[in-house]
$ cat protein.cif   # mmCIF, C-alpha atoms
data_my_file
#
loop_
_atom_site.label_atom_id
_atom_site.label_comp_id
_atom_site.auth_asym_id
_atom_site.auth_seq_id
_atom_site.Cartn_x
_atom_site.Cartn_y
_atom_site.Cartn_z
CA MET A 1 6.91 5.67 -27.24
CA ILE A 2 7.08 9.15 -25.81
CA PRO A 3 7.47 11.82 -28.48
CA GLY A 4 11.09 12.75 -28.75
CA LEU A 5 12.36 9.51 -27.32
CA ALA A 6 13.10 7.22 -30.20
CA SER A 7 14.57 4.41 -28.17
CA GLY A 8 15.46 3.27 -24.68
CA THR A 9 19.21 3.65 -24.85
CA GLY A 10 19.49 6.57 -22.46
CA GLU A 11 22.61 7.72 -24.21
CA ARG A 12 21.32 10.79 -25.98
CA ALA A 13 22.73 14.08 -24.91
CA GLY A 14 20.74 15.91 -22.30
CA ILE A 15 18.75 12.96 -21.04
CA ASP A 16 19.90 11.25 -17.89
CA PRO A 17 19.49 7.47 -18.28
CA ALA A 18 17.60 7.26 -14.99
CA GLU A 19 15.25 9.97 -16.14
CA GLU A 20 14.77 8.33 -19.49
CA LEU A 21 13.85 5.14 -17.70
CA ALA A 22 11.22 7.06 -15.78
CA LEU A 23 9.86 8.61 -18.96
CA ARG A 24 9.78 5.26 -20.71
CA ALA A 25 8.02 3.74 -17.71
CA GLY A 26 4.94 5.69 -18.68
CA VAL A 27 4.51 3.58 -21.78
CA ASP A 28 6.59 0.50 -21.08
CA ALA A 29 5.64 -1.90 -18.30
CA GLU A 30 9.09 -3.43 -18.18
CA ALA A 31 10.64 -0.01 -17.69
CA PHE A 32 8.33 0.60 -14.78
CA ALA A 33 9.28 -2.77 -13.34
CA GLU A 34 12.93 -1.76 -13.55
CA LEU A 35 12.12 1.54 -11.90
CA TYR A 36 10.41 -0.36 -9.11
CA ARG A 37 13.37 -2.71 -8.65
CA ARG A 38 15.79 0.19 -8.47
CA HIS A 39 13.88 2.26 -5.97
CA ARG A 40 11.72 -0.05 -3.84
CA GLU A 41 14.46 -0.36 -1.24
CA ALA A 42 14.80 3.39 -0.71
CA VAL A 43 11.04 3.90 -0.59
CA PHE A 44 10.59 1.07 1.88
CA ARG A 45 13.38 2.25 4.17
CA TYR A 46 11.96 5.75 4.19
CA LEU A 47 8.50 4.46 5.10
CA ARG A 48 9.83 2.04 7.69
CA ALA A 49 11.66 4.85 9.43
CA ARG A 50 8.56 6.95 9.31
CA CYS A 51 5.90 4.52 10.45
CA ARG A 52 7.65 2.20 12.94
CA ASP A 53 6.18 -0.98 11.56
CA ASP A 54 7.77 -3.14 8.86
CA ASP A 55 4.49 -4.63 7.68
CA LEU A 56 2.83 -1.25 7.40
CA ALA A 57 5.89 0.09 5.60
CA LEU A 58 5.61 -2.74 3.09
CA GLU A 59 1.93 -2.03 2.56
CA LEU A 60 2.54 1.68 2.10
CA THR A 61 5.42 0.96 -0.27
CA ALA A 62 3.03 -1.08 -2.38
CA VAL A 63 0.45 1.71 -2.25
CA ALA A 64 3.08 4.23 -3.28
CA PHE A 65 4.17 2.21 -6.29
CA GLU A 66 0.57 1.58 -7.28
CA LYS A 67 -0.03 5.31 -7.23
CA ALA A 68 3.19 5.87 -9.12
CA LEU A 69 2.12 3.39 -11.76
CA ARG A 70 -1.15 5.24 -12.23
CA SER A 71 0.63 8.57 -12.52
CA ILE A 72 3.90 7.76 -14.24
CA ARG A 73 2.60 8.96 -17.60
CA ARG A 74 2.47 12.45 -16.15
CA TYR A 75 5.99 12.31 -14.76
CA ARG A 76 8.22 15.05 -16.06
CA THR A 77 11.92 15.52 -15.55
CA LYS A 78 11.93 18.21 -12.94
CA GLY A 79 11.90 18.59 -9.21
CA GLY A 80 14.76 16.38 -8.10
CA GLY A 81 14.40 13.28 -10.25
CA VAL A 82 12.32 10.20 -10.15
CA LEU A 83 13.38 9.01 -6.70
CA ALA A 84 12.32 12.30 -5.16
CA TRP A 85 9.04 11.98 -7.05
CA LEU A 86 8.51 8.46 -5.72
CA LEU A 87 9.35 9.54 -2.20
CA ARG A 88 6.88 12.40 -2.37
CA ILE A 89 4.21 9.89 -3.37
CA ALA A 90 5.30 7.66 -0.49
CA ARG A 91 5.15 10.60 1.88
CA ASN A 92 1.61 11.39 0.74
CA ALA A 93 0.59 7.76 1.16
CA ALA A 94 1.95 7.72 4.70
CA ALA A 95 0.25 11.01 5.52
CA ASP A 96 -3.07 9.72 4.17
CA HIS A 97 -2.71 6.62 6.29
CA GLU A 98 -1.89 8.61 9.40
CA ARG A 99 -4.88 10.87 8.89
CA ARG A 100 -7.13 7.83 8.83
CA GLN A 101 -5.50 6.33 11.89
CA ARG A 102 -5.71 9.24 14.29
CA PRO A 103 -5.69 9.55 17.22
CA LEU A 104 -2.28 8.01 17.10
CA VAL A 105 -0.64 6.74 20.25
CA PRO A 106 3.01 5.81 19.85
CA GLN A 107 2.79 2.12 19.08
CA TRP A 108 5.76 1.07 21.12
CA ARG A 109 3.88 2.20 24.21
CA MET A 110 1.01 -0.14 23.46
CA ASN A 111 2.66 -3.21 22.06
CA THR A 112 4.26 -5.47 24.61
CA ASP A 113 6.48 -6.98 21.95
CA ARG A 114 8.18 -3.66 21.52
CA PRO A 115 10.90 -2.57 23.88
CA SER A 116 9.74 -0.58 26.84
CA LEU A 117 11.90 2.42 27.42
CA GLU A 118 11.05 2.28 31.09
CA ASP A 119 12.89 -0.98 31.56
CA SER A 120 16.31 -1.09 33.04
CA PRO A 121 19.21 -0.88 30.60
CA GLU A 122 20.06 -4.49 31.27
CA GLU A 123 16.58 -5.71 30.43
CA VAL A 124 16.45 -3.51 27.38
CA ALA A 125 19.78 -4.84 26.20
CA VAL A 126 18.46 -8.37 26.42
CA ARG A 127 15.05 -7.77 24.93
CA SER A 128 15.58 -5.26 22.26
CA ASP A 129 17.63 -4.60 19.27
CA GLU A 130 19.53 -1.34 18.93
CA ARG A 131 18.55 -0.59 15.40
CA ARG A 132 14.92 -1.15 16.05
CA ARG A 133 15.04 1.09 19.08
CA LEU A 134 16.65 3.85 17.11
CA ARG A 135 14.01 3.52 14.43
CA LEU A 136 11.28 3.78 17.02
CA LEU A 137 12.85 6.90 18.45
CA VAL A 138 13.15 8.44 15.00
CA ALA A 139 9.51 7.64 14.37
CA ASP A 140 8.56 9.55 17.51
CA LEU A 141 10.29 12.74 16.39
CA PRO A 142 8.19 15.65 15.09
CA GLU A 143 7.03 14.89 11.57
CA VAL A 144 9.34 17.16 9.66
CA GLN A 145 12.43 16.01 11.61
CA ARG A 146 11.41 12.38 11.27
CA ASP A 147 11.00 12.85 7.52
CA ALA A 148 14.37 14.51 7.16
CA LEU A 149 16.21 11.71 8.97
CA ALA A 150 14.25 9.00 7.19
CA LEU A 151 15.08 10.53 3.83
CA ARG A 152 18.72 11.15 4.75
CA PHE A 153 19.61 7.88 6.42
CA GLY A 154 16.84 5.62 5.15
CA ALA A 155 16.52 6.61 1.52
CA GLY A 156 20.06 7.98 1.26
CA LEU A 157 19.14 11.36 -0.20
CA THR A 158 21.34 14.42 -0.06
CA ALA A 159 20.19 17.56 1.71
CA ARG A 160 19.33 19.12 -1.64
CA GLU A 161 17.28 16.11 -2.69
CA ILE A 162 15.53 15.99 0.67
CA GLY A 163 14.67 19.64 0.23
CA VAL A 164 12.91 18.81 -3.01
CA VAL A 165 10.79 16.19 -1.25
CA ILE A 166 9.84 18.26 1.77
CA GLY A 167 9.73 21.67 0.13
CA LYS A 168 12.72 23.41 1.66
CA ASN A 169 15.93 24.72 0.21
CA GLU A 170 19.22 22.93 0.78
CA GLU A 171 20.40 25.17 3.59
CA ALA A 172 17.17 24.94 5.51
CA THR A 173 17.15 21.19 5.04
CA GLN A 174 20.68 20.85 6.35
CA LYS A 175 19.74 22.84 9.44
CA LEU A 176 16.69 20.69 9.91
CA ILE A 177 18.76 17.50 9.75
CA SER A 178 21.25 18.90 12.25
CA ARG A 179 18.48 19.84 14.64
CA ALA A 180 16.85 16.44 14.25
CA ILE A 181 20.11 14.65 15.02
CA ALA A 182 20.69 16.85 18.03
CA ARG A 183 17.23 16.19 19.34
CA LEU A 184 17.59 12.47 18.79
CA ARG A 185 20.90 12.47 20.62
CA GLU A 186 19.17 14.03 23.59
CA VAL A 187 16.42 11.43 23.55
CA VAL A 188 18.91 8.61 23.25
CA HIS A 189 20.96 10.05 26.06
CA ASP A 190 17.86 10.23 28.25
CA GLN A 191 16.37 6.90 27.36
CA PHE A 192 19.22 4.47 26.76
CA MET B 193 22.97 0.00 25.66
CA ILE B 194 24.27 1.98 22.73
CA SER B 195 28.03 1.75 22.79
CA SER B 196 30.17 4.68 21.80
CA ASP B 197 32.70 3.18 19.45
CA ARG B 198 30.94 4.42 16.33
CA SER B 199 29.53 7.80 15.46
CA PHE B 200 25.91 8.50 16.12
CA GLU B 201 25.32 9.19 12.45
CA GLU B 202 26.78 5.84 11.52
CA ARG B 203 24.35 4.19 13.89
CA LEU B 204 21.48 6.10 12.38
CA ARG B 205 22.56 5.08 8.92
CA GLU B 206 22.68 1.46 10.00
CA ALA B 207 19.36 1.61 11.78
CA LEU B 208 17.43 3.40 9.06
CA GLY B 209 19.29 1.93 6.12
CA ASP B 210 18.90 -1.66 7.24
CA PRO B 211 18.21 -3.41 3.91
CA MET B 212 15.01 -5.20 3.07
CA THR B 213 15.11 -8.92 3.66
CA ALA B 214 14.52 -11.34 0.82
CA THR B 215 11.22 -12.22 2.45
CA GLN B 216 10.15 -8.58 2.50
CA ILE B 217 11.10 -8.13 -1.14
CA ALA B 218 9.17 -11.23 -2.10
CA ALA B 219 6.17 -10.06 -0.09
CA LEU B 220 6.25 -6.64 -1.72
CA ASP B 221 6.59 -8.13 -5.21
CA ALA B 222 3.64 -10.42 -4.52
CA ARG B 223 1.60 -7.60 -3.02
CA LEU B 224 2.08 -5.47 -6.11
CA GLN B 225 1.36 -8.35 -8.45
CA ARG B 226 -1.87 -9.00 -6.62
CA GLY B 227 -2.61 -5.30 -6.88
CA ARG B 228 -6.21 -4.85 -7.67
CA ALA B 229 -7.07 -8.41 -6.80
CA ARG B 230 -6.78 -7.43 -3.16
CA ARG B 231 -9.73 -5.12 -3.57
CA VAL B 232 -12.12 -7.92 -4.41
CA PRO B 233 -13.11 -8.80 -0.84
CA PHE B 234 -14.33 -5.24 -0.49
CA LEU B 235 -16.86 -5.69 -3.18
CA ARG B 236 -19.30 -7.93 -1.41
CA GLY B 237 -19.68 -5.92 1.76
CA GLN B 238 -21.57 -2.67 1.59
CA ALA B 239 -19.56 -1.04 4.36
CA LEU B 240 -16.27 -2.27 3.05
CA ARG B 241 -17.14 -1.36 -0.49
CA ARG B 242 -17.94 2.12 0.68
CA SER B 243 -14.58 2.16 2.42
CA LEU B 244 -12.89 1.35 -0.86
CA LEU B 245 -14.69 4.17 -2.55
CA LEU B 246 -13.95 6.51 0.32
CA ILE B 247 -10.29 5.67 0.07
CA ALA B 248 -10.54 6.57 -3.58
CA VAL B 249 -12.14 9.82 -2.50
CA VAL B 250 -9.30 10.49 -0.10
CA VAL B 251 -6.80 9.88 -2.84
CA VAL B 252 -8.66 12.07 -5.24
CA VAL B 253 -10.17 14.78 -3.06
CA LEU B 254 -7.22 15.65 -0.93
CA PRO B 255 -5.01 17.51 -3.37
CA LEU B 256 -1.94 18.14 -1.34
CA ALA B 257 -1.50 21.72 -2.26
CA ALA B 258 2.12 21.89 -1.30
CA LEU B 259 2.94 19.24 -3.81
CA ALA B 260 2.53 20.85 -7.15
CA GLY B 261 3.37 19.76 -10.65
CA SER B 262 3.87 16.08 -11.25
CA ILE B 263 2.79 14.81 -7.84
CA PRO B 264 -0.29 12.61 -7.85
CA GLY B 265 -3.00 14.61 -6.21
CA ALA B 266 -1.99 17.99 -7.51
CA ASP B 267 -4.15 17.73 -10.59
CA HIS B 268 -6.81 15.42 -9.26
CA VAL B 269 -10.43 16.30 -9.56
CA PRO B 270 -12.83 15.43 -6.76
CA LEU B 271 -15.31 12.64 -7.31
CA PRO B 272 -18.36 14.30 -8.81
CA PRO B 273 -21.21 14.92 -6.37
CA GLY B 274 -23.63 12.04 -6.10
CA LEU B 275 -21.67 9.63 -8.23
CA GLU B 276 -20.31 7.47 -5.45
CA ASP B 277 -23.69 7.01 -3.76
CA ARG B 278 -25.47 6.30 -7.00
CA VAL B 279 -22.97 3.70 -8.13
CA THR B 280 -22.65 2.09 -4.71
CA SER B 281 -26.39 1.68 -4.48
CA LEU B 282 -26.36 -0.60 -7.51
CA PHE B 283 -24.48 -3.32 -5.69
CA SER B 284 -26.49 -4.44 -2.71
CA GLU B 285 -25.45 -7.18 -0.32
CA ASP B 286 -27.50 -9.98 -1.78
CA ALA B 287 -27.59 -9.04 -5.45
CA CYS B 288 -25.53 -10.39 -8.28
CA VAL B 289 -25.17 -7.68 -10.89
CA ALA B 290 -24.09 -9.00 -14.28
CA PRO B 291 -21.38 -7.05 -16.11
CA GLN B 292 -23.61 -5.97 -18.97
CA ALA B 293 -26.32 -4.78 -16.60
CA ALA B 294 -23.78 -2.99 -14.44
CA GLU B 295 -22.31 -1.18 -17.40
CA GLU B 296 -25.71 -0.12 -18.67
CA GLN B 297 -26.85 1.10 -15.28
CA ILE B 298 -23.64 2.98 -14.60
CA ASP B 299 -23.78 4.55 -18.06
CA ALA B 300 -27.30 5.67 -17.25
CA ILE B 301 -26.13 7.22 -13.98
CA LEU B 302 -23.30 9.03 -15.74
CA ALA B 303 -25.68 10.33 -18.37
CA ASP B 304 -28.18 11.36 -15.73
CA LEU B 305 -25.56 13.27 -13.79
CA GLY B 306 -23.99 14.69 -16.92
CA TYR B 307 -20.54 13.25 -16.38
CA SER B 308 -19.74 12.60 -20.00
CA GLU B 309 -16.00 12.51 -19.42
CA TRP B 310 -16.33 9.39 -17.28
CA SER B 311 -16.30 5.90 -18.73
CA VAL B 312 -17.00 2.35 -17.60
CA GLU B 313 -14.32 -0.25 -18.20
CA PRO B 314 -14.27 -3.95 -17.38
CA GLY B 315 -11.31 -5.04 -15.28
CA THR B 316 -9.59 -8.40 -15.51
CA GLY B 317 -12.11 -11.12 -16.22
CA ALA B 318 -15.03 -8.84 -15.39
CA ALA B 319 -16.58 -9.00 -18.85
CA ASN B 320 -17.02 -12.76 -18.59
CA THR B 321 -17.93 -13.21 -14.96
CA GLU B 322 -21.28 -13.76 -13.35
CA CYS B 323 -21.30 -10.86 -10.89
CA VAL B 324 -19.36 -7.64 -10.74
CA GLY B 325 -18.69 -4.76 -8.41
CA ALA B 326 -17.26 -1.36 -9.27
CA ALA B 327 -14.37 0.84 -8.23
CA LEU B 328 -14.32 4.56 -8.93
CA ASP B 329 -11.09 6.22 -9.96
CA GLY B 330 -11.35 9.98 -10.07
CA GLU B 331 -7.85 10.28 -11.41
CA THR B 332 -8.63 8.52 -14.67
CA ARG B 333 -12.36 9.23 -14.52
CA THR B 334 -13.14 5.60 -14.94
CA ILE B 335 -15.44 3.23 -13.17
CA GLU B 336 -13.86 -0.15 -13.36
CA LEU B 337 -15.97 -3.26 -13.18
CA LEU B 338 -14.32 -5.87 -11.00
CA MET B 339 -15.04 -9.56 -10.57
CA ALA B 340 -17.25 -10.12 -7.54
CA LEU B 341 -18.37 -13.28 -5.84
CA PRO B 342 -21.90 -14.58 -6.40
CA PRO B 343 -23.94 -14.18 -3.21
CA ALA B 344 -24.03 -17.94 -2.59
CA VAL B 345 -20.24 -18.14 -2.65
CA HIS B 346 -19.84 -15.02 -0.59
CA ASP B 347 -22.24 -16.25 2.06
CA GLY B 348 -20.78 -19.76 2.05
CA LEU B 349 -17.27 -18.43 2.50
CA ALA B 350 -18.42 -16.20 5.32
CA VAL B 351 -19.65 -19.30 7.13
CA VAL B 352 -16.41 -21.17 6.43
CA ARG B 353 -14.39 -18.18 7.59
CA GLU B 354 -16.16 -18.18 10.95
CA GLN B 355 -15.93 -21.94 11.23
CA LEU B 356 -12.18 -21.83 10.68
CA TYR B 357 -11.85 -19.10 13.30
CA SER B 358 -13.71 -21.15 15.88
CA GLU B 359 -12.29 -24.57 15.06
CA CYS B 360 -8.69 -25.65 14.60
CA ARG B 361 -8.46 -27.23 11.15
CA THR B 362 -5.52 -28.49 9.14
CA LYS B 363 -4.58 -27.12 5.75
CA GLU B 364 -6.29 -30.02 4.02
CA GLU B 365 -9.46 -29.57 6.03
CA ALA B 366 -9.54 -25.83 5.41
CA ARG B 367 -9.01 -26.41 1.70
CA ALA B 368 -11.83 -28.97 1.65
CA LEU B 369 -14.23 -26.60 3.39
CA VAL B 370 -13.56 -23.83 0.90
CA GLU B 371 -13.73 -26.23 -2.02
CA ALA B 372 -17.11 -27.52 -0.85
CA VAL B 373 -18.56 -24.01 -1.03
CA LEU B 374 -17.24 -23.46 -4.54
CA VAL B 375 -18.39 -26.83 -5.84
CA GLN B 376 -21.80 -26.46 -4.29
CA ALA B 377 -22.20 -23.03 -5.89
CA GLY B 378 -21.21 -24.45 -9.26
CA MET B 379 -18.25 -22.15 -9.70
CA GLU B 380 -15.79 -22.91 -12.46
CA GLY B 381 -12.25 -21.79 -13.13
CA TRP B 382 -10.86 -21.37 -9.65
CA GLU B 383 -7.87 -22.38 -7.55
CA ILE B 384 -7.39 -22.65 -3.81
CA ARG B 385 -3.91 -21.50 -2.90
CA THR B 386 -1.70 -20.97 0.11
CA ASP B 387 0.64 -18.32 -1.32
CA GLY B 388 -1.63 -15.38 -0.69
CA PRO B 389 -1.35 -12.27 1.41
CA GLY B 390 -1.38 -14.19 4.66
CA ILE B 391 -3.83 -13.66 7.45
CA SER B 392 -6.64 -11.24 6.88
CA GLY B 393 -9.83 -10.66 8.75
CA PRO B 394 -11.77 -8.14 10.82
CA SER B 395 -9.33 -5.66 12.31
CA ASP B 396 -10.81 -5.99 15.78
CA ARG B 397 -10.16 -9.72 15.74
CA ILE B 398 -6.89 -9.90 13.89
CA GLU B 399 -4.75 -10.59 16.96
CA GLN B 400 -7.02 -13.42 17.97
CA ILE B 401 -6.83 -14.86 14.45
CA GLU B 402 -3.05 -14.55 14.45
CA ARG B 403 -2.87 -16.52 17.71
CA HIS B 404 -5.17 -19.10 16.19
CA VAL B 405 -2.80 -19.50 13.26
CA GLU B 406 0.22 -19.51 15.55
CA ASN B 407 -1.38 -22.53 17.21
CA GLY B 408 -1.25 -24.37 13.91
CA CYS B 409 -4.79 -23.73 12.72
CA TRP B 410 -5.63 -22.76 9.14
CA VAL B 411 -8.01 -19.97 8.20
CA TYR B 412 -9.66 -18.68 5.06
CA SER B 413 -7.85 -15.53 3.97
CA THR B 414 -9.16 -13.75 0.92
CA THR B 415 -9.85 -13.98 -2.77
CA GLY B 416 -8.42 -12.55 -5.94
CA TRP B 417 -7.75 -13.48 -9.53
CA THR B 418 -4.94 -14.08 -11.95
CA ALA B 419 -4.18 -11.93 -14.97
CA GLU B 420 -6.07 -14.52 -17.02
CA GLY B 421 -9.16 -14.15 -14.86
CA THR B 422 -8.88 -17.38 -12.88
CA ARG B 423 -10.51 -16.85 -9.51
CA LEU B 424 -8.15 -17.51 -6.60
CA PHE B 425 -9.08 -18.33 -3.02
CA TRP B 426 -6.38 -18.22 -0.40
CA ILE B 427 -6.15 -20.05 2.86
CA ALA B 428 -3.46 -19.19 5.39
CA GLY B 429 -1.67 -21.06 8.13
CA LYS B 430 1.66 -22.49 9.20
#
$ encode --input "protein.cif" --output "structure tokens"
Amino acid sequence: MIPGLASGTGERAGIDPAEELALRAGVDAEAFAELYRRHREAVFRYLRARCRDDDLALELTAVAFEKALRSIRRYRTKGGGVLAWLLRIARNAAADHERRQRPLVPQWRMNTDRPSLEDSPEEVAVRSDERRRLRLLVADLPEVQRDALALRFGAGLTAREIGVVIGKNEEATQKLISRAIARLREVVHDQF
Amino acid sequence: MISSDRSFEERLREALGDPMTATQIAALDARLQRGRARRVPFLRGQALRRSLLLIAVVVVVLPLAALAGSIPGADHVPLPPGLEDRVTSLFSEDACVAPQAAEEQIDAILADLGYSEWSVEPGTGAANTECVGAALDGETRTIELLMALPPAVHDGLAVVREQLYSECRTKEEARALVEAVLVQAGMEGWEIRTDGPGISGPSDRIEQIERHVENGCWVYSTTGWTAEGTRLFWIAGK
């Protein structure tokens, strides 16, 4: 048990139950399992939006939680909470993977199973799925814009929370999201 | 075409917030449960083993400076100079290094290099297995001994793997081929299973292997172990 935490109730003043769960997860495997169940969806959706590929997103989600498991003992209640902490780990895992994969050609341009944006709208409508296309377009945005949208609409973070993950203040993050949406609108307008 | 009856942000939320499927959740759960078991295939190949260690180096050596405080990486120490090469050299392609010998030799390397803060720890089942490999973890400063396949099993499975790539075999036939290798090598305490990580193989041939499986052929996938140390061998197919 962590010094100062006598039990796992999460009801003591000053300790958010979610944060207590994270602190307990350092010494309690079941608490970590609960942490994983609560946050795997958000981490996966962030990674899927970032890396285009569901299978790769699953693999990186697993890598992120493995890293989190190894490091959870050092988790401290600061910097936006445990989800932001997990997403920063996920972001690092994705960045590590991308560094190893370079040079990176947008995958949808290589894979014939993916929708070709050069096809006519009719063909695209038949062959592709709107959500998947949007995800692919998000994944092709500049990294910081892609991250902001993935964290906002994939992981469901607020601008303040996103700022914690990507190292910007709330105002700058909000501007970044607005710019990313505007840019994506332009791409969609051009391509769809 | 994207229709215009909903806001663009709503569409983004739907596209990026599309929930995980039950299959994806199950796959992720299984992937995490397998955890370290997935590293086992790396242990018998020099190049792949080095890749594993290099990945560990990447994790350890690349402290992402912007991510301070509690982020993994911020307080990592690099792998000490020479340690990776010295440890890797203990586990050659055709050698079976027993756990006791591995521990003694690694301890000697650590002493020689003066890395007294590092320790050697046996992973699941490694203390009671015939051959081991090793994984370096700079974060915890441990060298973990991991169960490795005896050379005869490793070589036999390599042959079966190629055979199953070149021939179209049923699940029962694939199982029998793998089993024959294990029986012939005198291995004990193993299971052949079909609930593994799916298709795996050389990255430059993976599409070909996937087509092979799509055609109804079974392949040898990979190996791992249970929490109790039972060696698992997975075959994959449809």
$ resolve_selection --input "protein.cif" --expression "the PyMOL selection byres ((chain B and resi 350-356) around 9)" --output "PyMOL selection string"
chain B and resi 345-349+357-361+366+369-370+373+393+409-413
$ residues_around --input "protein.cif" --residues "A:Leu47" --least-positions-apart "4" --cutoff "7 Å" --atoms "only C-alpha atoms" --output "VMD selection string"
chain A and resid 43 51 57
$ closest_atom_pairs --input "protein.cif" --of "chain A" --to "chain B" --cutoff "9 Å" --atoms "all atoms listed in the file" --output "Markdown table"
| residue | atom | partner | partner_atom | distance |
| --- | --- | --- | --- | --- |
| A:Arg40 | CA | B:Ile217 | CA | 8.5 |
| A:Glu41 | CA | B:Met212 | CA | 6.5 |
| A:Ala42 | CA | B:Gly209 | CA | 8.3 |
| A:Phe44 | CA | B:Met212 | CA | 7.8 |
| A:Arg45 | CA | B:Gly209 | CA | 6.2 |
| A:Tyr46 | CA | B:Leu208 | CA | 7.7 |
| A:Arg48 | CA | B:Leu208 | CA | 7.8 |
| A:Ala49 | CA | B:Leu208 | CA | 6.0 |
| A:Asp54 | CA | B:Gln216 | CA | 8.7 |
| A:Asp55 | CA | B:Gln216 | CA | 8.6 |
| A:Leu58 | CA | B:Leu220 | CA | 6.2 |
| A:Glu59 | CA | B:Leu220 | CA | 7.6 |
| A:Thr61 | CA | B:Leu220 | CA | 7.8 |
| A:Ala62 | CA | B:Leu224 | CA | 5.8 |
| A:Val63 | CA | B:Leu224 | CA | 8.3 |
| A:Phe65 | CA | B:Leu224 | CA | 8.0 |
| A:Glu66 | CA | B:Leu224 | CA | 7.3 |
| A:Lys67 | CA | B:Pro264 | CA | 7.3 |
| A:Ala68 | CA | B:Pro264 | CA | 7.7 |
| A:Arg70 | CA | B:Glu331 | CA | 8.4 |
| A:Ser71 | CA | B:Pro264 | CA | 6.2 |
| A:Ile72 | CA | B:Ser262 | CA | 8.8 |
| A:Arg74 | CA | B:Ser262 | CA | 6.3 |
| A:Tyr75 | CA | B:Ser262 | CA | 5.6 |
| A:Arg76 | CA | B:Ser262 | CA | 6.6 |
| A:Lys78 | CA | B:Ser262 | CA | 8.5 |
| A:Gly79 | CA | B:Ser262 | CA | 8.7 |
| A:Trp85 | CA | B:Ile263 | CA | 6.9 |
| A:Leu86 | CA | B:Ile263 | CA | 8.8 |
| A:Arg88 | CA | B:Ile263 | CA | 7.2 |
| A:Ile89 | CA | B:Ile263 | CA | 6.8 |
| A:Asn92 | CA | B:Leu256 | CA | 7.9 |
| A:Ala93 | CA | B:Val251 | CA | 8.7 |
| A:Asp96 | CA | B:Val250 | CA | 7.6 |
| A:Pro121 | CA | B:Met193 | CA | 6.3 |
| A:Glu122 | CA | B:Met193 | CA | 7.8 |
| A:Val124 | CA | B:Met193 | CA | 7.6 |
| A:Ala125 | CA | B:Met193 | CA | 5.8 |
| A:Glu130 | CA | B:Ile194 | CA | 6.9 |
| A:Arg131 | CA | B:Ala207 | CA | 4.3 |
| A:Arg132 | CA | B:Ala207 | CA | 6.8 |
| A:Arg133 | CA | B:Ala207 | CA | 8.5 |
| A:Leu134 | CA | B:Ala207 | CA | 6.4 |
| A:Arg135 | CA | B:Ala207 | CA | 6.3 |
| A:Val138 | CA | B:Leu208 | CA | 8.9 |
| A:Leu149 | CA | B:Leu208 | CA | 8.4 |
| A:Ala150 | CA | B:Leu208 | CA | 6.7 |
| A:Arg152 | CA | B:Arg205 | CA | 8.3 |
| A:Phe153 | CA | B:Arg205 | CA | 4.8 |
| A:Gly154 | CA | B:Gly209 | CA | 4.5 |
| A:Ala155 | CA | B:Gly209 | CA | 7.1 |
| A:Gly156 | CA | B:Gly209 | CA | 7.8 |
| A:Val165 | CA | B:Leu259 | CA | 8.8 |
| A:Ile166 | CA | B:Leu259 | CA | 8.9 |
| A:Gly167 | CA | B:Ala258 | CA | 7.7 |
| A:Ile181 | CA | B:Glu201 | CA | 8.0 |
| A:Arg185 | CA | B:Phe200 | CA | 7.8 |
| A:Val188 | CA | B:Ile194 | CA | 8.5 |
| A:Phe192 | CA | B:Met193 | CA | 5.9 |
$ atom_distance --input "protein.cif" --atom1 "atom CA of B:Ala368" --atom2 "atom CA of B:Ala287"
26.4 Å
$ atom_distance --input "protein.cif" --atom1 "atom CA of B:Thr386" --atom2 "atom CA of A:His39"
28.6 Å
$ resolve_selection --input "protein.cif" --expression "the PyMOL selection byres ((chain A and resi 179) around 12)" --output "ChimeraX atom specification"
/A:141-142,144-146,148-149,172-178,180-186
$ atom_distance --input "protein.cif" --atom1 "atom CA of B:Glu364" --atom2 "atom CA of B:Ala214"
28.1 Å
$ residues_around --input "protein.cif" --residues "B:Phe425" --least-positions-apart "5" --cutoff "10 Å" --atoms "all atoms listed in the file" --output "CSV table (one decimal) with C-alpha atoms, in the frame of the given file"
chain,number,residue,atom,x,y,z
B,349,LEU,CA,-17.3,-18.4,2.5
B,367,ARG,CA,-9.0,-26.4,1.7
B,370,VAL,CA,-13.6,-23.8,0.9
B,371,GLU,CA,-13.7,-26.2,-2.0
B,374,LEU,CA,-17.2,-23.5,-4.5
B,382,TRP,CA,-10.9,-21.4,-9.6
B,383,GLU,CA,-7.9,-22.4,-7.6
B,384,ILE,CA,-7.4,-22.6,-3.8
B,385,ARG,CA,-3.9,-21.5,-2.9
B,386,THR,CA,-1.7,-21.0,0.1
B,387,ASP,CA,0.6,-18.3,-1.3
B,388,GLY,CA,-1.6,-15.4,-0.7
B,412,TYR,CA,-9.7,-18.7,5.1
B,413,SER,CA,-7.8,-15.5,4.0
B,414,THR,CA,-9.2,-13.8,0.9
B,415,THR,CA,-9.8,-14.0,-2.8
B,416,GLY,CA,-8.4,-12.6,-5.9
B,417,TRP,CA,-7.8,-13.5,-9.5
$ closest_residue --input "protein.cif" --among "A:Ala94, A:Leu137, A:Ala84, A:Val164" --to "A:Ala22" --atoms "only C-alpha atoms"
A:Ala84
$ decode --input "protein.cif" --residues "stretch 51-60 of chain A" --atoms "C-alpha atoms" --output "short mmCIF file (atom, residue, chain, number, x, y, z; two decimals), in the first residue's frame"
data_model
loop_
_atom_site.label_atom_id
_atom_site.label_comp_id
_atom_site.auth_asym_id
_atom_site.auth_seq_id
_atom_site.Cartn_x
_atom_site.Cartn_y
_atom_site.Cartn_z
CA CYS A 51 -1.73 6.06 -37.19
CA ARG A 52 -4.45 5.20 -39.75
CA ASP A 53 -4.39 1.49 -39.09
CA ASP A 54 -6.58 -0.33 -36.58
CA ASP A 55 -4.18 -3.23 -36.10
CA LEU A 56 -1.23 -0.94 -35.53
CA ALA A 57 -3.33 1.13 -33.14
CA LEU A 58 -4.12 -2.00 -31.16
CA GLU A 59 -0.47 -2.96 -31.03
CA LEU A 60 0.58 0.51 -29.91
#
